[in-house]
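Structure data (CSV, C-alpha atoms and all ligand atoms) from model.csv:
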```csv
chain,number,residue,atom,x,y,z
V,1,MET,CA,98.7,80.6,97.4
V,2,ALA,CA,101.4,79.9,100.1
V,3,THR,CA,101.1,81.9,103.4
V,4,MET,CA,103.3,82.7,106.4
V,5,LYS,CA,101.3,80.0,108.3
V,6,ASP,CA,102.5,77.4,105.9
V,7,ILE,CA,106.1,78.4,106.5
V,8,SER,CA,105.5,78.4,110.3
V,9,LYS,CA,104.1,74.8,110.0
V,10,MET,CA,107.0,73.7,107.9
V,11,THR,CA,109.8,75.2,110.1
V,12,GLY,CA,108.1,74.9,113.5
V,13,LEU,CA,109.0,78.6,114.0
V,14,SER,CA,106.6,81.3,115.3
V,15,SER,CA,105.0,83.8,112.8
V,16,GLY,CA,106.8,86.6,114.7
V,17,THR,CA,110.2,85.1,113.8
V,18,ILE,CA,109.2,84.5,110.2
V,19,SER,CA,107.8,88.1,109.9
V,20,ARG,CA,111.1,89.5,111.3
V,21,TYR,CA,113.0,87.6,108.7
V,22,ILE,CA,110.8,88.5,105.8
V,23,ASN,CA,110.6,92.2,106.8
V,24,ASN,CA,114.2,92.3,107.8
V,25,SER,CA,113.0,94.0,111.0
V,26,GLY,CA,114.8,92.3,113.9
V,27,TYR,CA,117.1,89.5,115.1
V,28,VAL,CA,116.7,86.0,113.6
V,29,SER,CA,119.4,83.4,114.3
V,30,ARG,CA,121.4,82.1,111.3
V,31,GLU,CA,119.9,78.6,111.7
V,32,SER,CA,116.3,79.9,111.7
V,33,ALA,CA,117.0,82.2,108.8
V,34,ASP,CA,118.3,79.2,106.7
V,35,LYS,CA,115.2,77.1,107.7
V,36,ILE,CA,112.8,79.9,106.7
V,37,GLN,CA,114.6,80.6,103.4
V,38,ARG,CA,114.5,76.9,102.5
V,39,ALA,CA,110.8,76.7,103.2
V,40,ILE,CA,110.2,79.9,101.2
V,41,ASP,CA,112.1,78.4,98.2
V,42,GLU,CA,110.3,75.1,98.5
V,43,ILE,CA,106.7,76.5,98.4
V,44,ASN,CA,107.6,79.5,96.3
V,45,TYR,CA,106.2,82.0,98.9
V,46,ILE,CA,105.7,85.6,97.8
V,47,PRO,CA,105.2,88.1,100.6
V,48,ASN,CA,101.9,90.1,100.6
V,49,GLU,CA,103.2,93.5,99.6
V,50,HIS,CA,100.2,95.4,101.0
V,51,ALA,CA,100.7,93.8,104.4
V,52,ARG,CA,104.4,94.6,104.2
V,53,VAL,CA,103.8,98.2,103.4
V,54,LEU,CA,101.4,98.5,106.3
V,55,TYR,CA,103.9,96.9,108.6
V,56,ASN,CA,107.0,98.8,107.4
V,57,LYS,CA,105.1,102.1,106.7
V,58,SER,CA,107.1,102.3,103.5
V,59,SER,CA,107.0,100.5,100.2
V,60,ASN,CA,110.4,101.2,98.8
V,61,VAL,CA,108.6,101.8,95.6
V,62,ILE,CA,108.7,105.0,93.5
V,63,GLY,CA,106.0,105.9,91.0
V,64,LEU,CA,107.6,107.0,87.7
V,65,ILE,CA,105.3,108.9,85.3
V,66,VAL,CA,106.6,109.6,81.8
V,67,PRO,CA,104.7,111.5,79.1
V,68,SER,CA,105.9,109.2,76.3
V,69,LEU,CA,107.6,105.9,75.7
V,70,VAL,CA,108.1,106.3,72.0
V,71,ASN,CA,110.3,109.4,72.5
V,72,PRO,CA,113.8,108.0,73.0
V,73,PHE,CA,114.6,110.8,75.5
V,74,PHE,CA,111.9,109.6,78.0
V,75,ALA,CA,112.6,105.9,77.3
V,76,GLN,CA,116.3,106.6,78.1
V,77,MET,CA,115.5,108.7,81.2
V,78,ALA,CA,113.2,106.0,82.5
V,79,THR,CA,115.9,103.4,82.0
V,80,VAL,CA,118.6,105.5,83.8
V,81,LEU,CA,116.2,106.5,86.6
V,82,GLU,CA,115.2,102.9,87.3
V,83,LYS,CA,118.8,101.8,87.4
V,84,ASN,CA,119.7,104.7,89.8
V,85,LEU,CA,116.7,103.9,92.0
V,86,ASN,CA,117.5,100.2,92.1
V,87,GLU,CA,121.0,101.0,93.3
V,88,LYS,CA,119.4,102.8,96.2
V,89,GLY,CA,117.1,99.9,97.1
V,90,TYR,CA,113.9,101.2,95.4
V,91,SER,CA,111.8,99.6,92.7
V,92,ILE,CA,109.5,101.5,90.3
V,93,ILE,CA,105.9,101.4,89.0
V,94,LEU,CA,106.0,103.0,85.6
V,95,TYR,CA,103.2,104.9,84.0
V,96,ASN,CA,103.1,106.3,80.4
V,97,THR,CA,100.6,109.1,79.9
V,98,ASN,CA,101.0,110.0,76.2
V,99,ASP,CA,101.0,113.6,77.3
V,100,ASN,CA,97.4,113.2,78.3
V,101,SER,CA,96.7,115.3,81.5
V,102,LYS,CA,93.7,113.1,82.5
V,103,GLU,CA,95.9,110.0,82.3
V,104,GLU,CA,98.6,111.8,84.3
V,105,ALA,CA,96.0,112.6,87.1
V,106,LYS,CA,94.8,109.0,87.1
V,107,ALA,CA,98.4,107.8,87.4
V,108,VAL,CA,99.2,110.2,90.4
V,109,ASN,CA,96.1,109.0,92.2
V,110,MET,CA,96.7,105.3,91.5
V,111,LEU,CA,100.3,105.7,92.8
V,112,ARG,CA,99.0,107.3,96.0
V,113,GLY,CA,96.7,104.3,96.4
V,114,PHE,CA,99.6,102.0,96.0
V,115,ARG,CA,101.3,103.9,98.8
V,116,VAL,CA,104.5,104.6,96.9
V,117,ASP,CA,107.2,106.4,98.8
V,118,GLY,CA,107.6,109.1,96.2
V,119,ILE,CA,106.7,110.2,92.7
V,120,LEU,CA,108.9,111.2,89.8
V,121,VAL,CA,107.0,112.8,87.0
V,122,GLY,CA,108.3,114.0,83.6
V,123,ARG,CA,106.9,117.0,81.8
V,124,PRO,CA,103.8,117.1,84.1
V,125,GLN,CA,100.7,119.1,83.5
V,126,ASN,CA,98.6,118.7,86.6
V,127,ARG,CA,100.1,121.5,88.7
V,128,ASP,CA,97.4,121.8,91.3
V,129,LEU,CA,97.1,118.1,91.9
V,130,LEU,CA,100.8,117.6,92.3
V,131,LYS,CA,101.2,120.6,94.6
V,132,LYS,CA,98.9,119.0,97.1
V,133,VAL,CA,100.1,115.4,96.7
V,134,ASP,CA,100.8,113.9,100.1
V,135,VAL,CA,104.1,112.1,99.1
V,136,PRO,CA,107.4,113.7,98.1
V,137,ALA,CA,107.4,114.5,94.4
V,138,VAL,CA,110.0,115.6,91.9
V,139,SER,CA,109.2,116.9,88.4
V,140,PHE,CA,111.7,116.6,85.7
V,141,GLU,CA,111.3,119.7,83.4
V,142,THR,CA,108.3,121.6,84.6
V,143,GLU,CA,108.0,124.2,87.4
V,144,ILE,CA,105.1,123.0,89.6
V,145,GLY,CA,105.5,125.1,92.8
V,146,GLY,CA,104.6,124.1,96.3
V,147,ASP,CA,107.0,121.5,97.7
V,148,VAL,CA,107.5,119.8,94.3
V,149,VAL,CA,111.2,120.2,93.3
V,150,ASN,CA,111.9,120.8,89.6
V,151,ILE,CA,115.1,119.2,88.1
V,152,THR,CA,115.7,120.2,84.5
V,153,ALA,CA,118.2,120.8,81.8
V,154,ASP,CA,119.0,124.5,81.4
V,155,ASN,CA,116.7,124.8,78.4
V,156,PHE,CA,117.3,128.5,77.9
V,157,LEU,CA,121.0,128.0,77.8
V,158,GLY,CA,120.5,125.1,75.4
V,159,GLY,CA,118.5,127.2,73.0
V,160,MET,CA,121.3,129.8,73.0
V,161,GLN,CA,123.9,127.1,72.4
V,162,ALA,CA,121.9,125.7,69.5
V,163,PHE,CA,121.7,129.1,67.8
V,164,ASN,CA,125.4,129.9,68.3
V,165,ALA,CA,126.5,126.4,67.1
V,166,LEU,CA,124.6,126.8,63.9
V,167,TYR,CA,125.8,130.4,63.5
V,168,ASP,CA,129.4,129.4,64.0
V,169,VAL,CA,129.2,126.8,61.3
V,170,GLY,CA,128.0,129.4,58.8
V,171,CYS,CA,124.1,129.3,58.9
V,172,ARG,CA,122.5,132.7,58.3
V,173,LYS,CA,118.9,131.7,57.4
V,174,ILE,CA,117.7,129.6,60.2
V,175,LEU,CA,114.4,127.9,60.8
V,176,HIS,CA,113.5,126.9,64.3
V,177,ILE,CA,111.0,124.1,64.6
V,178,LYS,CA,109.5,124.8,67.9
V,179,GLY,CA,107.8,122.4,70.3
V,180,PRO,CA,104.2,122.6,71.4
V,181,ASP,CA,103.4,125.7,73.4
V,182,ILE,CA,102.4,123.7,76.5
V,183,PHE,CA,105.9,122.3,76.9
V,184,GLU,CA,107.7,124.7,79.3
V,185,ALA,CA,111.1,123.2,78.2
V,186,THR,CA,110.7,123.9,74.5
V,187,GLU,CA,109.4,127.5,75.2
V,188,LEU,CA,112.6,128.1,77.0
V,189,ARG,CA,114.7,126.7,74.2
V,190,TYR,CA,112.9,129.0,71.8
V,191,LYS,CA,113.5,132.0,74.1
V,192,GLY,CA,117.2,131.2,74.4
V,193,PHE,CA,117.5,130.7,70.7
V,194,LYS,CA,115.8,134.0,70.0
V,195,GLU,CA,117.9,135.9,72.6
V,196,ALA,CA,121.1,134.6,71.0
V,197,SER,CA,119.9,135.5,67.5
V,198,ASN,CA,119.0,139.0,68.6
V,199,LYS,CA,122.7,139.7,69.2
V,200,LYS,CA,123.5,139.1,65.5
V,201,GLU,CA,122.6,141.4,62.7
V,202,ASP,CA,123.4,139.3,59.7
V,203,VAL,CA,121.0,136.4,60.3
V,204,LEU,CA,117.4,135.7,59.4
V,205,ILE,CA,115.3,133.7,61.8
V,206,GLU,CA,111.9,132.0,61.3
V,207,THR,CA,109.8,129.8,63.5
V,208,ILE,CA,107.1,127.1,63.0
V,209,SER,CA,105.7,124.8,65.6
V,210,PHE,CA,104.9,121.1,66.0
V,211,SER,CA,101.5,120.9,67.8
V,212,ASN,CA,102.5,117.7,69.7
V,213,ASP,CA,105.5,115.5,70.4
V,214,PHE,CA,106.0,112.5,68.1
V,215,ASP,CA,103.4,109.8,68.3
V,216,THR,CA,103.0,106.8,66.0
V,217,GLU,CA,100.3,108.7,63.9
V,218,PHE,CA,102.5,111.7,63.4
V,219,SER,CA,102.4,113.3,59.9
V,220,VAL,CA,105.5,115.4,59.1
V,221,GLU,CA,103.8,116.6,55.8
V,222,SER,CA,101.2,118.5,57.8
V,223,VAL,CA,103.9,120.5,59.5
V,224,LEU,CA,106.7,120.9,57.0
V,225,GLY,CA,104.5,120.7,53.9
V,226,SER,CA,104.1,124.5,53.8
V,227,VAL,CA,107.8,125.3,54.3
V,228,ASP,CA,110.0,126.2,51.3
V,229,LEU,CA,113.3,124.5,52.3
V,230,ASN,CA,115.2,126.6,49.7
V,231,ASP,CA,114.8,129.6,52.1
V,232,TYR,CA,117.0,128.0,54.8
V,233,ASP,CA,120.6,126.9,55.4
V,234,GLY,CA,120.1,125.7,59.0
V,235,ILE,CA,117.3,124.2,61.1
V,236,PHE,CA,117.1,123.9,64.9
V,237,VAL,CA,114.6,121.3,65.9
V,238,PHE,CA,113.2,121.2,69.4
V,239,ASN,CA,114.1,117.6,70.2
V,240,ASP,CA,116.0,114.7,68.6
V,241,ILE,CA,113.0,112.6,67.5
V,242,ALA,CA,111.4,115.6,65.7
V,243,ALA,CA,114.9,116.3,64.2
V,244,ALA,CA,115.0,112.7,62.9
V,245,ILE,CA,111.6,113.0,61.3
V,246,SER,CA,112.6,116.4,59.8
V,247,MET,CA,115.8,115.0,58.4
V,248,SER,CA,114.1,112.2,56.6
V,249,TYR,CA,111.7,114.7,55.1
V,250,ILE,CA,114.5,117.1,54.1
V,251,THR,CA,116.4,114.2,52.4
V,252,LYS,CA,113.3,113.0,50.6
V,253,LYS,CA,112.8,116.5,49.2
V,254,GLY,CA,116.3,116.2,47.6
V,255,PHE,CA,118.3,118.4,49.9
V,256,LYS,CA,121.7,117.3,51.3
V,257,ILE,CA,122.5,117.4,55.0
V,258,PRO,CA,124.7,119.2,55.9
V,259,ASP,CA,125.8,120.6,52.5
V,260,ASP,CA,122.4,122.3,51.7
V,261,ILE,CA,120.8,122.4,55.1
V,262,GLN,CA,122.5,121.9,58.5
V,263,VAL,CA,120.4,120.4,61.3
V,264,MET,CA,120.7,120.6,65.0
V,265,GLY,CA,118.5,118.6,67.5
V,266,PHE,CA,118.1,118.7,71.3
V,267,ASP,CA,118.5,115.8,73.8
V,268,ASN,CA,121.5,113.8,72.7
V,269,SER,CA,119.5,110.6,72.9
V,270,TYR,CA,120.8,107.3,71.5
V,271,LEU,CA,119.0,108.2,68.2
V,272,CYS,CA,121.7,110.7,67.2
V,273,GLU,CA,124.3,108.0,66.6
V,274,LEU,CA,121.9,105.8,64.7
V,275,LEU,CA,120.9,108.4,62.1
V,276,SER,CA,122.7,109.0,58.8
V,277,PRO,CA,124.2,111.6,58.9
V,278,LYS,CA,124.7,111.4,62.7
V,279,LEU,CA,122.7,114.2,64.4
V,280,SER,CA,124.5,117.2,66.0
V,281,THR,CA,122.5,118.2,69.0
V,282,ILE,CA,122.3,119.8,72.4
V,283,GLU,CA,122.9,117.4,75.2
V,284,GLN,CA,120.6,117.1,78.2
V,285,PRO,CA,122.9,115.1,80.5
V,286,PHE,CA,120.8,112.1,81.4
V,287,ASP,CA,123.0,110.7,84.1
V,288,GLU,CA,123.3,114.0,85.9
V,289,ILE,CA,119.6,114.8,85.7
V,290,SER,CA,118.7,111.3,86.8
V,291,LYS,CA,121.1,111.4,89.8
V,292,GLU,CA,119.8,114.8,90.9
V,293,CYS,CA,116.2,113.5,90.7
V,294,VAL,CA,117.0,110.3,92.7
V,295,ASP,CA,119.1,112.0,95.3
V,296,THR,CA,116.6,114.8,95.8
V,297,LEU,CA,113.6,112.5,96.0
V,298,ILE,CA,115.3,110.2,98.6
V,299,SER,CA,116.3,113.2,100.7
V,300,MET,CA,112.7,114.4,100.6
V,301,ILE,CA,111.5,110.9,101.6
V,302,LYS,CA,114.0,111.1,104.6
V,303,ASN,CA,112.5,114.5,105.5
V,304,GLU,CA,115.8,116.2,104.9
V,305,LYS,CA,115.8,119.9,104.1
V,306,ILE,CA,115.9,120.7,100.4
V,307,GLU,CA,117.7,124.0,99.7
V,308,GLU,CA,116.8,124.6,96.1
V,309,LYS,CA,113.3,124.2,94.5
V,310,THR,CA,114.7,124.2,91.0
V,311,ILE,CA,117.9,122.5,89.9
V,312,ARG,CA,119.2,123.4,86.4
V,313,VAL,CA,121.7,121.1,84.8
V,314,LYS,CA,124.0,122.6,82.2
V,315,THR,CA,123.5,121.6,78.6
V,316,ASN,CA,126.4,120.9,76.1
V,317,VAL,CA,126.8,121.2,72.4
V,318,VAL,CA,127.6,117.9,70.6
V,319,LEU,CA,128.7,118.2,67.0
V,320,ARG,CA,128.3,115.2,64.7
V,321,GLU,CA,127.7,115.0,61.0
V,322,SER,CA,124.4,116.9,60.4
V,323,THR,CA,126.4,120.2,60.8
V,324,LYS,CA,129.6,121.2,58.8
V,325,LYS,CA,133.0,121.0,60.3
V,326,LEU,CA,134.4,124.4,61.4
H,401,LIG,O1,109.8,118.3,76.8
H,401,LIG,C1,111.0,118.4,76.0
H,401,LIG,C2,110.6,118.3,74.6
H,401,LIG,O2,111.1,117.1,74.1
H,401,LIG,C3,111.8,117.2,76.3
H,401,LIG,O3,113.0,117.5,77.1
H,401,LIG,C4,112.2,116.7,75.0
H,401,LIG,O4,113.4,117.3,74.5
H,401,LIG,C5,112.4,115.2,74.9
H,401,LIG,O5,112.6,114.8,73.6
```

Represent the structure contained in this file as structure tokens.
Ligand code: XLF
Amino acid sequence: MATMKDISKMTGLSSGTISRYINNSGYVSRESADKIQRAIDEINYIPNEHARVLYNKSSNVIGLIVPSLVNPFFAQMATVLEKNLNEKGYSIILYNTNDNSKEEAKAVNMLRGFRVDGILVGRPQNRDLLKKVDVPAVSFETEIGGDVVNITADNFLGGMQAFNALYDVGCRKILHIKGPDIFEATELRYKGFKEASNKKEDVLIETISFSNDFDTEFSVESVLGSVDLNDYDGIFVFNDIAAAISMSYITKKGFKIPDDIQVMGFDNSYLCELLSPKLSTIEQPFDEISKECVDTLISMIKNEKIEEKTIRVKTNVVLRESTKKL
């Protein structure tokens, strides 16, 4: 493996000059810079990142922990976050935990070992560990406490919007397929949905739960098998991927969407446009959430004062084909 010494030999320049060029940490003449770069290209030199981190006291790397990569919401969030971080000069190390709290704890500790400048974690579970983590940390969607900032869609508002949207298109017997109890976001969606439904007297509401988010072994029969779909004219599902699974089940059972049953998801992931009929949903604005996460984390890294510990981003109703036209 090529080293700085090799570059020094090839260029006749001191290791101090070469180190300043590589770490971008001081003056190097144009002529020396060109010589060094030519040598780097010739021997395919890759800087030792560990040495660079020690030298610069910063890695310009952010640890990004997501609970799922099969759920399009988190895949899309990871994509947007990476793009926004790259634009600010940061790279990422990505961990997927499959909603496993032990894997999440392992990821947090590994990232600290890699000396990342900050951690972004989606739907976290290890509150105590994250509260005492010694690098700036931002959670997207779960309240952690301590110095960890929480940036989230306004899930309570989203739940209310989902109910009102279904009510406005005529649904009066609505089933809510709720997310697992351990997800703070979906509990809030449920509470918002309930609160909005309490304001109407001519509507019947029922709730069942998925015990986990979608994984590749997921069996929809085990959740919806006991439901008599004839009892409902509308279904609000806690996220888009679960809505997609529910839609295929409803169609297989011979019901037409939206004529017999109208369906509303949550996320506004890319999946909505790919389904047939296209899924009406509540939008969690990816770009805005990601931008807030990145700007806040970078401010924390720069030791700037953070005024708000929770930032809620407004959700929006997006009507497509799985609900009737008004
Ligand atoms: O944690 C919630 C549940 O699922 C998250 O925001 C999601 O909506 C992503 O699909």

- Task: Using all atoms listed in the file, find the one residue out of V:Asn303, V:Tyr232, V:Thr251, V:Ile65 that sits nearest to Asp147 in chain V.
- Result: V:Asn303

- Item | Computed interatomic separation between CA of Tyr21 in chain V and CA of Ile36 in chain V (Å) | 8.0 Å

What are the closest atom pairs, with distances in Å to one decimal, for each residue of chain V lying within 8 Å of ligand LIG 401 (chain H), using only C-alpha atoms and all ligand atoms, rows by chain and rising residue number, as CSV?
```
residue,atom,partner,partner_atom,distance
V:Asn71,CA,H:LIG401,O5,6.0
V:Pro72,CA,H:LIG401,O5,6.9
V:Phe73,CA,H:LIG401,O5,4.9
V:Phe74,CA,H:LIG401,C5,6.4
V:Arg123,CA,H:LIG401,O1,5.9
V:Glu141,CA,H:LIG401,O3,6.9
V:Ala153,CA,H:LIG401,O3,7.7
V:Gly179,CA,H:LIG401,C2,6.6
V:Phe183,CA,H:LIG401,O1,5.6
V:Glu184,CA,H:LIG401,O1,7.2
V:Ala185,CA,H:LIG401,O1,5.3
V:Thr186,CA,H:LIG401,C2,5.6
V:Asp213,CA,H:LIG401,O2,6.9
V:Phe238,CA,H:LIG401,O4,6.4
V:Asn239,CA,H:LIG401,O4,4.4
V:Asp240,CA,H:LIG401,O5,6.0
V:Ile241,CA,H:LIG401,O5,6.5
V:Phe266,CA,H:LIG401,O4,5.9
V:Asp267,CA,H:LIG401,O4,5.4
V:Gln284,CA,H:LIG401,O3,7.7
```

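Distances here use all atoms listed in the file; by that measure, the residue among V:Leu319, V:Leu64, V:Ile245, V:Val263 closest to Val116 in chain V is V:Leu64.
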
- Task: Might you pull out every residue within 8 Å of Ile18 in chain V, with only C-alpha atoms counted and same-chain residues fewer than 2 positions away left off, and present them as number ranges by chain?
- Result: V: 4, 7-8, 13-16, 20-22, 36

- Item | Distance query Ser276 in chain V at most 10 Å, all atoms listed in the file, self and fewer than 4 positions along chain excluded, as an MDAnalysis selection string | chainID V and resid 244 247:248 257 272 321:322

Can those selected residues be exported to a file as a tab-separated table (two decimals), in the frame of the given file so that it contains C-alpha atoms?
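Saved the output as part_24.tsv:
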```tsv
chain	number	residue	atom	x	y	z
V	244	ALA	CA	115.00	112.70	62.90
V	247	MET	CA	115.80	115.00	58.40
V	248	SER	CA	114.10	112.20	56.60
V	257	ILE	CA	122.50	117.40	55.00
V	272	CYS	CA	121.70	110.70	67.20
V	321	GLU	CA	127.70	115.00	61.00
V	322	SER	CA	124.40	116.90	60.40
```

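Of note, CA of Val80 in chain V and CA of Arg112 in chain V are spaced 23.2 Å apart.
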
Show me, as JSON lines, the residues of range 32-74 of chain V having an atom within 9 Å of range 87-110 of chain V, each with the closest atom pair and its distance in Å, using only C-alpha atoms.
```
{"residue": "V:Ser59", "atom": "CA", "partner": "V:Tyr90", "partner_atom": "CA", "distance": 8.4}
{"residue": "V:Asn60", "atom": "CA", "partner": "V:Tyr90", "partner_atom": "CA", "distance": 4.9}
{"residue": "V:Val61", "atom": "CA", "partner": "V:Ser91", "partner_atom": "CA", "distance": 4.8}
{"residue": "V:Ile62", "atom": "CA", "partner": "V:Ile92", "partner_atom": "CA", "distance": 4.8}
{"residue": "V:Gly63", "atom": "CA", "partner": "V:Ile93", "partner_atom": "CA", "distance": 4.9}
{"residue": "V:Leu64", "atom": "CA", "partner": "V:Leu94", "partner_atom": "CA", "distance": 4.8}
{"residue": "V:Ile65", "atom": "CA", "partner": "V:Tyr95", "partner_atom": "CA", "distance": 4.7}
{"residue": "V:Val66", "atom": "CA", "partner": "V:Asn96", "partner_atom": "CA", "distance": 5.0}
{"residue": "V:Pro67", "atom": "CA", "partner": "V:Asp99", "partner_atom": "CA", "distance": 4.6}
{"residue": "V:Ser68", "atom": "CA", "partner": "V:Asn98", "partner_atom": "CA", "distance": 5.0}
{"residue": "V:Leu69", "atom": "CA", "partner": "V:Asn96", "partner_atom": "CA", "distance": 6.5}
```

Would you fill the gaps in range 72-98 of chain V so it has N, CA and C atoms, then print it as a PDB file, in the coordinates of the input?
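Result written to part32.pdb:
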```
ATOM      1  N   PRO V  72     112.620 108.649  72.451  1.00  0.00           N
ATOM      2  CA  PRO V  72     113.800 108.000  73.000  1.00  0.00           C
ATOM      3  C   PRO V  72     114.319 108.741  74.292  1.00  0.00           C
ATOM      4  N   PHE V  73     114.099 110.056  74.360  1.00  0.00           N
ATOM      5  CA  PHE V  73     114.600 110.800  75.500  1.00  0.00           C
ATOM      6  C   PHE V  73     113.948 110.218  76.807  1.00  0.00           C
ATOM      7  N   PHE V  74     112.620 110.067  76.785  1.00  0.00           N
ATOM      8  CA  PHE V  74     111.900 109.600  78.000  1.00  0.00           C
ATOM      9  C   PHE V  74     112.175 108.126  78.253  1.00  0.00           C
ATOM     10  N   ALA V  75     112.313 107.351  77.168  1.00  0.00           N
ATOM     11  CA  ALA V  75     112.600 105.900  77.300  1.00  0.00           C
ATOM     12  C   ALA V  75     113.989 105.794  78.018  1.00  0.00           C
ATOM     13  N   GLN V  76     114.930 106.605  77.559  1.00  0.00           N
ATOM     14  CA  GLN V  76     116.300 106.600  78.100  1.00  0.00           C
ATOM     15  C   GLN V  76     116.297 107.085  79.566  1.00  0.00           C
ATOM     16  N   MET V  77     115.550 108.177  79.805  1.00  0.00           N
ATOM     17  CA  MET V  77     115.500 108.700  81.200  1.00  0.00           C
ATOM     18  C   MET V  77     114.896 107.670  82.111  1.00  0.00           C
ATOM     19  N   ALA V  78     113.815 106.989  81.676  1.00  0.00           N
ATOM     20  CA  ALA V  78     113.200 106.000  82.500  1.00  0.00           C
ATOM     21  C   ALA V  78     114.166 104.863  82.849  1.00  0.00           C
ATOM     22  N   THR V  79     114.961 104.479  81.845  1.00  0.00           N
ATOM     23  CA  THR V  79     115.900 103.400  82.000  1.00  0.00           C
ATOM     24  C   THR V  79     116.994 103.812  83.074  1.00  0.00           C
ATOM     25  N   VAL V  80     117.515 105.026  82.918  1.00  0.00           N
ATOM     26  CA  VAL V  80     118.600 105.500  83.800  1.00  0.00           C
ATOM     27  C   VAL V  80     117.994 105.699  85.242  1.00  0.00           C
ATOM     28  N   LEU V  81     116.786 106.287  85.305  1.00  0.00           N
ATOM     29  CA  LEU V  81     116.200 106.500  86.600  1.00  0.00           C
ATOM     30  C   LEU V  81     115.943 105.195  87.350  1.00  0.00           C
ATOM     31  N   GLU V  82     115.427 104.204  86.618  1.00  0.00           N
ATOM     32  CA  GLU V  82     115.200 102.900  87.300  1.00  0.00           C
ATOM     33  C   GLU V  82     116.479 102.310  87.804  1.00  0.00           C
ATOM     34  N   LYS V  83     117.532 102.395  86.985  1.00  0.00           N
ATOM     35  CA  LYS V  83     118.800 101.800  87.400  1.00  0.00           C
ATOM     36  C   LYS V  83     119.315 102.556  88.682  1.00  0.00           C
ATOM     37  N   ASN V  84     119.265 103.894  88.656  1.00  0.00           N
ATOM     38  CA  ASN V  84     119.700 104.700  89.800  1.00  0.00           C
ATOM     39  C   ASN V  84     118.885 104.384  91.064  1.00  0.00           C
ATOM     40  N   LEU V  85     117.575 104.215  90.863  1.00  0.00           N
ATOM     41  CA  LEU V  85     116.700 103.900  92.000  1.00  0.00           C
ATOM     42  C   LEU V  85     116.969 102.527  92.559  1.00  0.00           C
ATOM     43  N   ASN V  86     117.139 101.554  91.652  1.00  0.00           N
ATOM     44  CA  ASN V  86     117.500 100.200  92.100  1.00  0.00           C
ATOM     45  C   ASN V  86     118.717 100.169  92.941  1.00  0.00           C
ATOM     46  N   GLU V  87     119.711 100.944  92.497  1.00  0.00           N
ATOM     47  CA  GLU V  87     121.000 101.000  93.300  1.00  0.00           C
ATOM     48  C   GLU V  87     120.772 101.498  94.681  1.00  0.00           C
ATOM     49  N   LYS V  88     119.709 102.296  94.864  1.00  0.00           N
ATOM     50  CA  LYS V  88     119.400 102.800  96.200  1.00  0.00           C
ATOM     51  C   LYS V  88     118.377 102.012  96.939  1.00  0.00           C
ATOM     52  N   GLY V  89     118.031 100.846  96.374  1.00  0.00           N
ATOM     53  CA  GLY V  89     117.100  99.900  97.100  1.00  0.00           C
ATOM     54  C   GLY V  89     115.625 100.182  96.758  1.00  0.00           C
ATOM     55  N   TYR V  90     115.324 100.949  95.725  1.00  0.00           N
ATOM     56  CA  TYR V  90     113.900 101.200  95.400  1.00  0.00           C
ATOM     57  C   TYR V  90     113.556 100.503  94.053  1.00  0.00           C
ATOM     58  N   SER V  91     112.296 100.091  93.964  1.00  0.00           N
ATOM     59  CA  SER V  91     111.800  99.600  92.700  1.00  0.00           C
ATOM     60  C   SER V  91     110.829 100.671  92.135  1.00  0.00           C
ATOM     61  N   ILE V  92     110.387 100.475  90.887  1.00  0.00           N
ATOM     62  CA  ILE V  92     109.500 101.500  90.300  1.00  0.00           C
ATOM     63  C   ILE V  92     108.169 100.870  89.827  1.00  0.00           C
ATOM     64  N   ILE V  93     107.143 101.712  89.812  1.00  0.00           N
ATOM     65  CA  ILE V  93     105.900 101.400  89.000  1.00  0.00           C
ATOM     66  C   ILE V  93     105.930 102.470  87.937  1.00  0.00           C
ATOM     67  N   LEU V  94     105.903 102.030  86.690  1.00  0.00           N
ATOM     68  CA  LEU V  94     106.000 103.000  85.600  1.00  0.00           C
ATOM     69  C   LEU V  94     104.676 103.223  84.888  1.00  0.00           C
ATOM     70  N   TYR V  95     104.349 104.493  84.706  1.00  0.00           N
ATOM     71  CA  TYR V  95     103.200 104.900  84.000  1.00  0.00           C
ATOM     72  C   TYR V  95     103.555 105.713  82.742  1.00  0.00           C
ATOM     73  N   ASN V  96     102.893 105.464  81.617  1.00  0.00           N
ATOM     74  CA  ASN V  96     103.100 106.300  80.400  1.00  0.00           C
ATOM     75  C   ASN V  96     101.771 107.024  80.179  1.00  0.00           C
ATOM     76  N   THR V  97     101.812 108.349  80.035  1.00  0.00           N
ATOM     77  CA  THR V  97     100.600 109.100  79.900  1.00  0.00           C
ATOM     78  C   THR V  97     100.253 109.565  78.479  1.00  0.00           C
ATOM     79  N   ASN V  98     101.193 109.417  77.553  1.00  0.00           N
ATOM     80  CA  ASN V  98     101.000 110.000  76.200  1.00  0.00           C
ATOM     81  C   ASN V  98     100.653 111.447  76.227  1.00  0.00           C
TER      82      ASN V  98
END
```
